[in-house]
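Participant: Supplied in structure tokens, the structure appears directly below.
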Amino acid sequence: MKISTKGRYGTRFMLELALVYPERPITIKEAAANQGISEKYLEQIIPTLKKVGMIRSYRGAQGGYVLNSSPEEITIGMILRPLEGELAPVDCVICKGKDVCDRMDRCVTKNVWEKIYQAVNQVVDHITLADLARDYQMLG
């Protein structure tokens, strides 16, 4: 499993929002400059994050984007899943039935894929934006 540019940039955008939470909104231009991300790429990612209710926007001269919840309440998994889909290494871990694989009832490797899936979910569901913001600030 590999996290795409969309997942990585979406996480970095959300980190930017966490760094200024709750003081002020942040613009696409500012977030893009701070994180070295294309504004055009962010414009493609933001609607997904907005649709799932993680961020909201404000219009006007002081406008921009803000988190809908505190950074302590938003996990990396909550950011990655809408942008990436399920974080499974293979389809049979999340899809049940013979339509995925005709070997499911005798597959000895499925247990390995399930353990990888569980481990990935354990990690991304226990790291919050607040954790990332603390790590970022420690780097100076």
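Ligands are numbered from 1 in the order shown, residues from 1 within each chain, and chains are lettered A, B, ... in the order they appear in the structure tokens.
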Once DSSP has gone over the backbone, tell me which residues of chain A are in helix (DSSP H, G or I), as an MDAnalysis selection string.
Facilitator: chainID A and resid 5:20 28:35 39:51 71:73 76:84 91:93 104:106 110:124 129:139
Participant: Could you list, as a PyMOL selection string, every residue within 12 Å of A:Arg81, counting only C-alpha atoms and ignoring same-chain residues fewer than 6 positions away?
Facilitator: chain A and resi 3-4+6-8+10-11+48-49+52+75+87-88+120-121+124-125
Participant: Taking only C-alpha atoms into account, name the residue in A:Ala33, A:Ala133, A:Ile46, A:Cys101 that is nearest to A:Leu15.
Facilitator: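 Among A:Ala33, A:Ala133, A:Ile46, A:Cys101, it is A:Ala133 that comes nearest to A:Leu15.
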Participant: Please, what distance in Å, to one decimal, runs between atom CA of A:Gly85 and atom CA of A:Gln118?
Facilitator: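 Atom CA of A:Gln118 lies at a distance of 15.0 Å from atom CA of A:Gly85.
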Participant: Quick one, how far is atom CA of A:Leu17 from atom CA of A:Lys51?
Facilitator: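 Computing it gives 16.5 Å between the two atoms.
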Participant: DSSP on the backbone: which residues in stretch 8-129 of chain A end up as strand (DSSP E)? Give the answer as a count of residues only.
Facilitator: 8
Participant: Counting only C-alpha atoms, which of A:Thr5, A:Glu86, A:Asp135, A:Val108 gets nearest to A:Ile37?
Facilitator: A:Thr5
Participant: Residues at most 6 Å from A:Tyr65, counting only C-alpha atoms, excluding those fewer than 2 positions away in the same chain, as a list of chain:residue names?
Facilitator: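 The contact residues come out as A:Pro25, A:Ile26, A:Arg56, A:Ser57.
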Participant: Would you save the residues from that selection as a compact mmCIF listing (two decimals), in the first residue's frame, using N, CA and C atoms?
Facilitator:
```txt
# COMPACT_ATOMS: atom_id res chain seq x y z
N PRO A 25 -8.58 31.70 10.00
CA PRO A 25 -8.60 30.87 8.79
C PRO A 25 -7.25 30.97 8.06
N ILE A 26 -7.00 30.00 7.22
CA ILE A 26 -5.78 30.02 6.40
C ILE A 26 -6.20 29.90 4.93
N ARG A 56 -14.32 23.92 6.99
CA ARG A 56 -15.32 24.84 6.45
C ARG A 56 -14.57 26.08 5.95
N SER A 57 -15.25 26.84 5.11
CA SER A 57 -14.60 28.01 4.52
C SER A 57 -15.31 29.28 4.93
```
Participant: Could you give me, as an MDAnalysis selection string, the residues within 12 Å of A:Arg24, counting only C-alpha atoms and dropping anything in the same chain fewer than 6 positions from it?
Facilitator: chainID A and resid 16:18 57:58 62:67
